[in-house]
Every structure is written in structure tokens, then in C-alpha cells.
$ cat input-v2.cif   # mmCIF, C-alpha atoms
data_start
#
loop_
_atom_site.label_atom_id
_atom_site.label_comp_id
_atom_site.auth_asym_id
_atom_site.auth_seq_id
_atom_site.Cartn_x
_atom_site.Cartn_y
_atom_site.Cartn_z
CA SER A 1100 -2.27 -53.73 -112.10
CA LEU A 1101 0.75 -55.46 -110.58
CA PHE A 1102 -0.37 -54.98 -106.99
CA GLY A 1103 -4.16 -54.95 -107.27
CA ASN A 1104 -6.63 -52.06 -107.37
CA SER A 1105 -6.80 -51.31 -103.62
CA THR A 1106 -3.03 -51.35 -103.33
CA SER A 1107 -2.64 -49.10 -106.36
CA ILE A 1108 -4.81 -46.49 -104.66
CA THR A 1109 -2.74 -46.84 -101.50
CA LEU A 1110 0.45 -46.29 -103.48
CA LEU A 1111 -0.95 -43.03 -104.79
CA ILE A 1112 -1.89 -41.50 -101.41
CA PRO A 1113 1.40 -39.62 -100.81
CA ALA A 1114 1.33 -38.33 -104.40
CA LEU A 1115 -2.27 -37.15 -104.02
CA VAL A 1116 -1.40 -35.27 -100.81
CA ALA A 1117 1.57 -33.64 -102.61
CA LEU A 1118 -0.66 -32.54 -105.52
CA LEU A 1119 -3.22 -31.12 -103.07
CA THR A 1120 -0.48 -29.16 -101.33
CA ILE A 1121 0.78 -27.72 -104.63
CA TYR A 1122 -2.73 -26.89 -105.84
CA GLN A 1123 -3.75 -25.20 -102.58
CA GLY A 1124 -0.29 -23.75 -101.89
CA HIS A 1125 -1.53 -20.16 -101.69
CA LYS A 1126 -3.93 -21.14 -98.88
CA PHE A 1127 -1.22 -22.92 -96.89
CA LEU A 1128 0.84 -19.73 -96.92
CA GLN A 1129 -1.91 -18.01 -94.96
CA ILE A 1130 -1.91 -20.37 -91.95
CA THR A 1131 0.28 -19.84 -88.88
CA ASP A 1132 3.88 -21.06 -88.67
CA TRP A 1133 2.86 -23.79 -86.23
CA GLY A 1134 0.09 -24.81 -88.61
CA LYS A 1135 2.61 -25.15 -91.45
CA PHE A 1136 4.91 -27.09 -89.16
CA LEU A 1137 2.17 -29.54 -88.13
CA TYR A 1138 1.19 -30.06 -91.76
CA LEU A 1139 4.84 -30.77 -92.59
CA ILE A 1140 4.94 -33.38 -89.81
CA PHE A 1141 1.73 -34.92 -91.15
CA CYS A 1142 3.10 -35.19 -94.69
CA MET A 1143 6.45 -36.59 -93.50
CA SER A 1144 4.76 -39.20 -91.29
CA LEU A 1145 2.27 -40.21 -93.99
CA THR A 1146 5.03 -40.66 -96.57
CA CYS A 1147 7.20 -42.76 -94.24
CA VAL A 1148 4.34 -45.02 -93.13
CA MET A 1149 2.91 -45.56 -96.61
CA ASN A 1150 6.28 -46.29 -98.22
CA TYR A 1151 7.17 -48.74 -95.46
CA PHE A 1152 3.83 -50.49 -96.01
CA ASN A 1153 4.51 -50.65 -99.75
CA ILE A 1154 7.80 -52.53 -99.19
CA GLY A 1155 5.76 -55.42 -97.81
CA VAL A 1156 3.31 -55.14 -100.70
CA ILE A 1157 6.11 -55.38 -103.27
CA ASP A 1158 7.70 -58.30 -101.43
CA ARG A 1159 4.43 -60.25 -101.36
CA SER A 1160 3.56 -59.39 -104.95
CA PHE A 1161 6.70 -61.19 -106.12
CA GLY A 1162 6.00 -64.20 -103.95
CA GLY A 1163 8.67 -63.20 -101.45
CA LEU A 1164 12.09 -61.88 -102.48
CA ASP A 1165 15.05 -64.19 -101.92
CA ARG A 1166 16.30 -63.64 -98.37
CA LEU A 1167 20.00 -63.03 -97.80
CA ASP A 1168 20.11 -63.82 -94.08
CA HIS A 1169 22.64 -66.63 -94.52
CA TRP A 1170 25.38 -64.11 -95.32
CA PHE A 1171 24.65 -62.17 -92.14
CA VAL A 1172 24.59 -65.33 -90.04
CA MET A 1173 27.92 -66.43 -91.51
CA MET A 1174 29.50 -63.19 -90.32
CA GLU A 1175 27.90 -63.30 -86.87
CA ARG A 1176 29.13 -66.85 -86.27
CA HIS A 1177 32.63 -65.39 -85.99
CA LEU A 1178 31.60 -63.45 -82.88
CA PRO A 1179 32.63 -64.89 -79.48
CA PHE A 1180 29.00 -65.47 -78.47
CA PHE A 1181 26.48 -66.62 -81.06
CA PRO A 1182 23.65 -65.85 -81.00
CA ILE A 1183 24.30 -62.94 -78.68
CA SER A 1184 20.62 -62.60 -77.72
CA ILE A 1185 20.58 -66.05 -76.10
CA PHE A 1186 23.96 -65.50 -74.45
CA VAL A 1187 22.76 -62.28 -72.74
CA GLN A 1188 19.40 -63.79 -71.82
CA GLN A 1189 20.97 -66.82 -70.15
CA LYS A 1190 23.34 -64.60 -68.18
CA LEU A 1191 20.31 -62.74 -66.80
CA LEU A 1192 18.37 -65.88 -65.79
CA THR A 1193 19.80 -65.74 -62.26
CA PHE A 1194 18.27 -62.27 -61.82
CA PRO A 1195 14.59 -62.85 -62.70
CA ARG A 1196 13.18 -59.53 -61.48
CA PHE A 1197 15.89 -57.46 -63.13
CA SER A 1198 15.60 -59.59 -66.27
CA THR A 1199 11.88 -58.84 -66.56
CA PHE A 1200 12.45 -55.13 -66.01
CA PHE A 1201 15.32 -55.13 -68.51
CA TYR A 1202 13.36 -56.81 -71.31
CA ASP A 1203 10.27 -54.72 -70.66
CA SER A 1204 12.44 -51.61 -71.03
CA LEU A 1205 13.87 -52.95 -74.30
CA ILE A 1206 10.50 -53.45 -75.95
CA LEU A 1207 9.25 -50.11 -74.58
CA VAL A 1208 12.22 -48.18 -75.94
CA TYR A 1209 11.87 -50.02 -79.25
CA TYR A 1210 8.53 -48.25 -79.68
CA CYS A 1211 10.23 -44.87 -79.19
CA TYR A 1212 11.47 -45.15 -82.77
CA PHE A 1213 8.05 -44.16 -84.08
CA PHE A 1214 8.32 -40.75 -82.44
CA ILE A 1215 12.01 -39.90 -82.92
CA SER A 1216 11.69 -38.05 -86.24
CA ILE A 1217 8.77 -35.98 -84.91
CA TYR A 1218 10.63 -35.31 -81.65
CA CYS A 1219 13.69 -34.21 -83.63
CA ALA A 1220 11.67 -31.85 -85.84
CA ILE A 1221 9.89 -30.25 -82.86
CA VAL A 1222 13.13 -29.66 -80.94
CA PHE A 1223 14.85 -28.23 -84.03
CA TYR A 1224 11.91 -25.93 -84.75
CA ARG A 1225 11.77 -24.63 -81.18
CA HIS A 1226 15.53 -23.98 -81.05
CA CYS A 1227 15.78 -22.19 -84.39
CA ALA A 1228 15.97 -18.42 -84.56
CA GLU A 1229 12.66 -16.89 -85.67
CA ASP A 1230 13.98 -16.01 -89.12
CA ARG A 1231 15.33 -19.55 -89.66
CA LYS A 1232 12.44 -21.74 -88.52
CA TYR A 1233 11.73 -22.57 -92.15
CA LEU A 1234 14.89 -24.72 -92.08
CA VAL A 1235 12.88 -27.41 -90.33
CA GLY A 1236 11.89 -28.26 -93.89
CA GLY A 1237 15.51 -29.26 -94.44
CA VAL A 1238 15.32 -31.54 -91.39
CA ALA A 1239 12.21 -33.16 -92.85
CA LEU A 1240 13.86 -33.55 -96.26
CA ILE A 1241 17.00 -35.24 -94.88
CA THR A 1242 14.84 -37.45 -92.67
CA LEU A 1243 12.75 -38.50 -95.66
CA TRP A 1244 15.86 -39.27 -97.68
CA CYS A 1245 17.10 -41.45 -94.85
CA TYR A 1246 13.79 -43.33 -94.75
CA GLN A 1247 13.56 -43.76 -98.50
CA ILE A 1248 17.15 -44.94 -98.97
CA ASN A 1249 16.50 -47.33 -96.09
CA ASN A 1250 13.36 -48.61 -97.84
CA LEU A 1251 15.24 -49.07 -101.10
CA LEU A 1252 17.91 -51.12 -99.33
CA TYR A 1253 15.18 -53.32 -97.83
CA LEU A 1254 14.33 -54.33 -101.40
CA VAL A 1255 17.90 -54.56 -102.67
CA VAL A 1256 19.15 -56.52 -99.64
CA PRO A 1257 16.07 -58.43 -98.41
CA VAL A 1258 16.83 -59.74 -94.92
CA THR A 1259 14.17 -61.05 -92.55
CA GLY A 1260 16.17 -60.97 -89.31
CA PRO A 1261 17.22 -63.44 -86.58
CA GLN A 1262 13.73 -63.74 -85.10
CA TYR A 1263 12.58 -65.57 -88.23
CA TYR A 1264 15.69 -66.95 -89.90
CA LEU A 1265 17.09 -68.38 -86.64
CA SER A 1266 13.73 -69.18 -85.07
CA HIS A 1267 14.78 -72.83 -84.58
CA LEU A 1268 17.29 -71.63 -81.98
CA PHE A 1269 14.63 -69.91 -79.90
CA THR A 1270 12.10 -72.73 -79.41
CA GLU A 1271 13.17 -73.86 -75.93
CA GLN A 1272 11.56 -72.29 -72.88
CA SER A 1273 14.89 -70.85 -71.72
CA ALA A 1274 15.04 -68.82 -74.95
CA LYS A 1275 11.65 -67.15 -74.39
CA PHE A 1276 11.73 -63.51 -73.39
CA PRO A 1277 11.00 -62.98 -69.65
CA PHE A 1278 8.45 -60.22 -70.25
CA SER A 1279 5.85 -59.10 -67.75
CA ILE A 1280 2.24 -58.90 -68.96
CA PHE A 1281 2.96 -55.33 -70.02
CA GLY A 1282 6.01 -56.37 -72.04
CA LYS A 1283 4.20 -59.33 -73.60
CA THR A 1284 1.40 -57.02 -74.73
CA LEU A 1285 3.80 -54.59 -76.41
CA TYR A 1286 5.76 -57.42 -78.02
CA HIS A 1287 2.58 -59.10 -79.30
CA MET A 1288 1.39 -55.80 -80.79
CA MET A 1289 4.70 -55.38 -82.58
CA GLN A 1290 4.61 -58.90 -84.00
CA THR A 1291 1.00 -58.76 -85.18
CA THR A 1292 1.16 -55.33 -86.83
CA GLN A 1293 4.36 -55.85 -88.81
CA GLY A 1294 3.71 -54.75 -92.39
CA THR A 1295 6.81 -56.17 -94.02
CA PHE A 1296 9.22 -59.00 -93.27
CA ILE A 1297 12.32 -57.67 -95.02
CA ASP A 1298 12.78 -54.51 -92.90
CA CYS A 1299 16.16 -55.47 -91.51
CA PHE A 1300 19.13 -54.06 -93.44
CA PRO A 1301 20.03 -51.42 -92.41
CA SER A 1302 18.36 -50.80 -89.05
CA GLY A 1303 15.93 -47.92 -89.51
CA HIS A 1304 15.52 -47.70 -85.73
CA PHE A 1305 19.22 -47.12 -85.17
CA ALA A 1306 19.59 -44.85 -88.22
CA MET A 1307 16.88 -42.48 -86.96
CA CYS A 1308 18.65 -42.32 -83.59
CA ILE A 1309 21.94 -41.38 -85.26
CA LEU A 1310 20.22 -38.82 -87.47
CA ALA A 1311 18.50 -37.15 -84.51
CA SER A 1312 21.76 -37.19 -82.54
CA VAL A 1313 23.53 -35.33 -85.36
CA PHE A 1314 20.80 -32.68 -85.53
CA PHE A 1315 20.83 -32.23 -81.74
CA TYR A 1316 24.61 -31.93 -81.79
CA ARG A 1317 24.29 -29.11 -84.33
CA LEU A 1318 21.77 -27.44 -82.04
CA LYS A 1319 24.17 -27.74 -79.10
CA ALA A 1320 21.11 -28.83 -77.12
CA ARG A 1321 20.97 -31.08 -74.06
CA HIS A 1322 18.71 -33.33 -76.07
CA PHE A 1323 21.91 -34.62 -77.67
CA TYR A 1324 22.92 -36.49 -74.50
CA PHE A 1325 19.46 -37.97 -74.08
CA MET A 1326 19.52 -39.04 -77.72
CA LEU A 1327 22.90 -40.73 -77.29
CA PHE A 1328 21.53 -42.74 -74.38
CA LEU A 1329 18.39 -43.61 -76.33
CA SER A 1330 20.50 -44.63 -79.33
CA LEU A 1331 22.51 -47.09 -77.25
CA TRP A 1332 19.36 -48.51 -75.65
CA ILE A 1333 17.52 -48.88 -78.97
CA GLY A 1334 20.63 -50.44 -80.51
CA LEU A 1335 20.63 -53.01 -77.70
CA ALA A 1336 16.91 -53.61 -78.14
CA THR A 1337 17.17 -54.29 -81.88
CA VAL A 1338 19.80 -56.99 -81.32
CA LEU A 1339 18.65 -58.56 -78.04
CA LEU A 1340 15.02 -58.75 -79.18
CA ARG A 1341 16.30 -60.50 -82.35
CA TYR A 1342 14.97 -57.95 -84.81
CA HIS A 1343 18.38 -57.17 -86.29
CA TYR A 1344 21.86 -58.48 -86.92
CA ILE A 1345 24.81 -56.43 -85.69
CA LEU A 1346 25.74 -55.64 -89.29
CA ASP A 1347 22.36 -53.90 -89.67
CA LEU A 1348 23.40 -51.43 -86.97
CA VAL A 1349 26.83 -50.86 -88.49
CA ALA A 1350 25.25 -50.12 -91.88
CA SER A 1351 23.11 -47.39 -90.30
CA PHE A 1352 26.10 -45.03 -90.08
CA PRO A 1353 26.83 -44.80 -93.85
CA LEU A 1354 23.06 -44.64 -94.45
CA VAL A 1355 22.77 -41.47 -92.34
CA LEU A 1356 25.88 -39.97 -93.93
CA PHE A 1357 24.51 -40.61 -97.42
CA ALA A 1358 21.12 -39.10 -96.42
CA PHE A 1359 22.89 -35.90 -95.31
CA ILE A 1360 24.89 -35.74 -98.55
CA ILE A 1361 21.87 -36.30 -100.80
CA GLY A 1362 19.63 -34.02 -98.71
CA GLY A 1363 22.24 -31.29 -98.92
CA LYS A 1364 22.19 -31.53 -102.72
CA PHE A 1365 18.44 -30.98 -102.85
CA TYR A 1366 18.09 -28.35 -100.10
CA PRO A 1367 19.47 -24.89 -100.97
CA GLU A 1368 20.79 -24.01 -97.48
CA LYS A 1369 22.82 -25.69 -94.78
CA VAL A 1370 20.45 -26.91 -92.08
CA THR A 1371 21.72 -25.03 -89.03
CA PRO A 1372 19.58 -23.33 -86.38
CA VAL A 1373 21.37 -19.96 -86.28
#

$ encode --input "input-v2.cif" --output "C-alpha cells"
Amino acid sequence: SLFGNSTSITLLIPALVALLTIYQGHKFLQITDWGKFLYLIFCMSLTCVMNYFNIGVIDRSFGGLDRLDHWFVMMERHLPFFPISIFVQQKLLTFPRFSTFFYDSLILVYYCYFFISIYCAIVFYRHCAEDRKYLVGGVALITLWCYQINNLLYLVVPVTGPQYYLSHLFTEQSAKFPFSIFGKTLYHMMQTTQGTFIDCFPSGHFAMCILASVFFYRLKARHFYFMLFLSLWIGLATVLLRYHYILDLVASFPLVLFAFIIGGKFYPEKVTPV
């Protein structure tokens, strides 16, 4: 096996869950609507997590794909302030308490990404008319397409991000993040649990925010305004915490558009709540 026996089994987990669902489909039809919804969330989350993990497996199995960060750095050098993360951080040095609060909020909101797709599905399900709640399956399908296209681009355009490629610029004490103990803990957890090191282009964090914003706009729900704010804050976090280049954020827009187009081809109805 190319990836080893244990990894091969891991690769098969989403497929095994799908086969179980097909085989026991008649039993799933008998559970409540909320039960079906929760199972849908479980399958969507499992697929996203496992496929993200497998990107790192594939990268390591080939001894590390050739990184393309130099092209991104060449483009960012044309910006007025390079790197922008150090520029902003140095501007905030004269406000130590605010700086700590600001960076703690960045790493905290960065974690919100892991719940956005679930949050979006729950809100959509609750706002749908009773006879259209099944359309949450369309939300899940478009979300999965967005994730999977994103994962494919990680392999096609392997980029490791400023935190690694430009690490030589962040060695001085003045370039260290002014986290509190709480912020340091969250940041350390993020660094030590990272499953792949080419998860940069495009920004999955920002893409999920855009995707959820579009769904909430269709719902005409107040969640749309909250999602806009969260999108801006997560976008800031991805750049200022050195996880992403600005181009990664820009590329998130066509990624979401393409996910909607492809998802629409595979789902028989337009995903609208009423």
C-alpha cells in the first residue's frame, strides 16, 4: 500500500460510513427529522476531518510536495507594508493591554471555523419551512464540495504559509505574539495538532465564512450580519497570525462560487428555505 496499512483503513472510514448508510437506509427513514439531521451533521463532519487529515498523509507519503510559497511572497512584497503581520504588531506595541486582548481574540475567533458549517446547517434547518427542511441536505452537499475542492487545491498548489516559509522574519522578541496565558494555550494547541502543512491556498477558514454568509443572506436572517462580522475578524486572524497570505483570502471567493455551481449540478433543487 502507498500509505501503509493503518492509513489505508483510515482512508476508507468515510466510504464505510456511506456504505452503512446505504445498507441500513430503510432504518434511517424511521428516525425523527432531528435524528436524520444530526446524522447528516455527523457524516459531513467526519468526511471533512478525515479528508483534511489525508492531505497531510499524501504530502508526507511523497516526501513533501514542492512548496510554492515563493510566488505568494513575491506578490506580497509589492504591498506597502511587508510583512503586514509585523507591521500591525509593532503599531500595537504601545498599547500592551489592548494588544494582548486583540491577539487573544484573533486566536479565539480562529477556532470558530470548526463550528461554522454546523452552525450554518442548524440555522438553515431551523429557518426552513416544515416541508422544505430536507433541503439542509443541499447545504451539506455544497459545503462538502467547498471543502473537497479546497482540499484538492491544497495538493495542486501546496503552500505552507508565512508562519513557516517566513519564519526567519519572526525570530526576534518584538515579533512574538503578545498572548495572555489563555491565548498562548489556544495557539499552542493549534500548532501541535496541525495535521497537514500545505493547508494554505485557498483559505478554508475564510471560504466557510463566505459560504455561511451567502446561505444566511438567502435566509434573510439576522445571522447574516453576525457572519459578516465574523468573516472580517477571521480574515484578519488568518493574516495577522501568519497562517495565510492575502492571496489565499482572495482565492476563497471563486472557491465558494465554484462550490455553489458544482453543488447545484448535483442537487436537484435550488437550496432556498421557502

$ residues_around --input "input-v2.cif" --residues "A:Phe1171" --least-positions-apart "5" --cutoff "10 Å" --atoms "only C-alpha atoms" --output "PyMOL selection string"
chain A and resi 1176+1258+1260-1261+1300+1343-1347

$ atom_distance --input "input-v2.cif" --atom1 "atom CA of A:Ser1279" --atom2 "atom CA of A:Thr1193"
16.4 Å

$ residues_around --input "input-v2.cif" --residues "A:Leu1240" --least-positions-apart "6" --cutoff "9 Å" --atoms "all atoms listed in the file" --output "list of chain:residue names"
A:Met1143, A:Gly1362, A:Phe1365, A:Tyr1366

$ closest_residue --input "input-v2.cif" --among "A:Leu1348, A:Leu1254, A:Ile1185, A:Leu1234" --to "A:Asn1153" --atoms "all atoms listed in the file"
A:Leu1254

$ atom_distance --input "input-v2.cif" --atom1 "atom CA of A:Leu1327" --atom2 "atom CA of A:Phe1357"
20.2 Å

$ closest_residue --input "input-v2.cif" --among "A:Tyr1233, A:Tyr1151, A:Trp1170, A:Phe1181" --to "A:Leu1139" --atoms "all atoms listed in the file"
A:Tyr1233

$ build_atoms --input "input-v2.cif" --residues "stretch 1142-1153 of chain A" --atoms "all heavy atoms" --output "compact mmCIF listing (two decimals), keeping the file's coordinate frame"
# COMPACT_ATOMS: atom_id res chain seq x y z
N CYS A 1142 2.67 -34.70 -93.38
CA CYS A 1142 3.10 -35.19 -94.69
C CYS A 1142 4.31 -36.13 -94.56
O CYS A 1142 4.38 -37.17 -95.23
CB CYS A 1142 3.44 -34.03 -95.61
SG CYS A 1142 2.02 -33.03 -96.09
N MET A 1143 5.26 -35.76 -93.70
CA MET A 1143 6.45 -36.59 -93.50
C MET A 1143 6.06 -37.95 -92.93
O MET A 1143 6.52 -39.00 -93.41
CB MET A 1143 7.43 -35.89 -92.56
CG MET A 1143 8.72 -36.65 -92.31
SD MET A 1143 9.90 -35.73 -91.27
CE MET A 1143 9.06 -35.82 -89.68
N SER A 1144 5.18 -37.95 -91.92
CA SER A 1144 4.76 -39.20 -91.29
C SER A 1144 3.98 -40.07 -92.27
O SER A 1144 4.20 -41.29 -92.34
CB SER A 1144 3.91 -38.90 -90.05
OG SER A 1144 4.61 -38.11 -89.12
N LEU A 1145 3.07 -39.46 -93.02
CA LEU A 1145 2.27 -40.21 -93.99
C LEU A 1145 3.16 -40.88 -95.03
O LEU A 1145 3.00 -42.06 -95.34
CB LEU A 1145 1.28 -39.28 -94.68
CG LEU A 1145 0.42 -39.91 -95.78
CD1 LEU A 1145 -0.56 -40.91 -95.18
CD2 LEU A 1145 -0.33 -38.84 -96.57
N THR A 1146 4.13 -40.12 -95.55
CA THR A 1146 5.03 -40.66 -96.57
C THR A 1146 5.83 -41.84 -96.04
O THR A 1146 5.95 -42.87 -96.70
CB THR A 1146 5.99 -39.56 -97.06
OG1 THR A 1146 5.22 -38.47 -97.57
CG2 THR A 1146 6.90 -40.09 -98.14
N CYS A 1147 6.37 -41.69 -94.83
CA CYS A 1147 7.20 -42.76 -94.24
C CYS A 1147 6.38 -44.02 -94.01
O CYS A 1147 6.81 -45.13 -94.34
CB CYS A 1147 7.81 -42.27 -92.93
SG CYS A 1147 9.01 -40.95 -93.12
N VAL A 1148 5.19 -43.86 -93.44
CA VAL A 1148 4.34 -45.02 -93.13
C VAL A 1148 3.89 -45.73 -94.40
O VAL A 1148 3.97 -46.96 -94.51
CB VAL A 1148 3.12 -44.59 -92.29
CG1 VAL A 1148 2.12 -45.74 -92.17
CG2 VAL A 1148 3.56 -44.14 -90.91
N MET A 1149 3.43 -44.96 -95.39
CA MET A 1149 2.91 -45.56 -96.61
C MET A 1149 4.01 -46.27 -97.39
O MET A 1149 3.80 -47.36 -97.93
CB MET A 1149 2.24 -44.50 -97.48
CG MET A 1149 1.02 -43.84 -96.85
SD MET A 1149 -0.23 -45.02 -96.27
CE MET A 1149 -0.62 -45.88 -97.77
N ASN A 1150 5.19 -45.66 -97.47
CA ASN A 1150 6.28 -46.29 -98.22
C ASN A 1150 6.79 -47.54 -97.53
O ASN A 1150 7.17 -48.51 -98.18
CB ASN A 1150 7.42 -45.29 -98.44
CG ASN A 1150 7.06 -44.25 -99.49
OD1 ASN A 1150 6.14 -44.44 -100.29
ND2 ASN A 1150 7.78 -43.15 -99.51
N TYR A 1151 6.80 -47.53 -96.19
CA TYR A 1151 7.17 -48.74 -95.46
C TYR A 1151 6.16 -49.85 -95.74
O TYR A 1151 6.53 -51.00 -96.00
CB TYR A 1151 7.22 -48.45 -93.96
CG TYR A 1151 7.43 -49.69 -93.11
CD1 TYR A 1151 8.71 -50.23 -92.95
CD2 TYR A 1151 6.36 -50.32 -92.49
CE1 TYR A 1151 8.91 -51.37 -92.19
CE2 TYR A 1151 6.55 -51.46 -91.73
CZ TYR A 1151 7.82 -51.97 -91.58
OH TYR A 1151 8.01 -53.11 -90.82
N PHE A 1152 4.88 -49.52 -95.71
CA PHE A 1152 3.83 -50.49 -96.01
C PHE A 1152 4.00 -51.06 -97.42
O PHE A 1152 3.83 -52.26 -97.66
CB PHE A 1152 2.47 -49.80 -95.88
CG PHE A 1152 1.32 -50.59 -96.45
CD1 PHE A 1152 0.76 -51.65 -95.75
CD2 PHE A 1152 0.79 -50.27 -97.69
CE1 PHE A 1152 -0.30 -52.38 -96.29
CE2 PHE A 1152 -0.27 -50.98 -98.23
CZ PHE A 1152 -0.81 -52.05 -97.51
N ASN A 1153 4.39 -50.21 -98.36
CA ASN A 1153 4.51 -50.65 -99.75
C ASN A 1153 5.68 -51.61 -99.97
O ASN A 1153 5.67 -52.38 -100.93
CB ASN A 1153 4.66 -49.43 -100.67
CG ASN A 1153 3.38 -48.62 -100.76
OD1 ASN A 1153 2.29 -49.18 -100.64
ND2 ASN A 1153 3.50 -47.32 -100.92
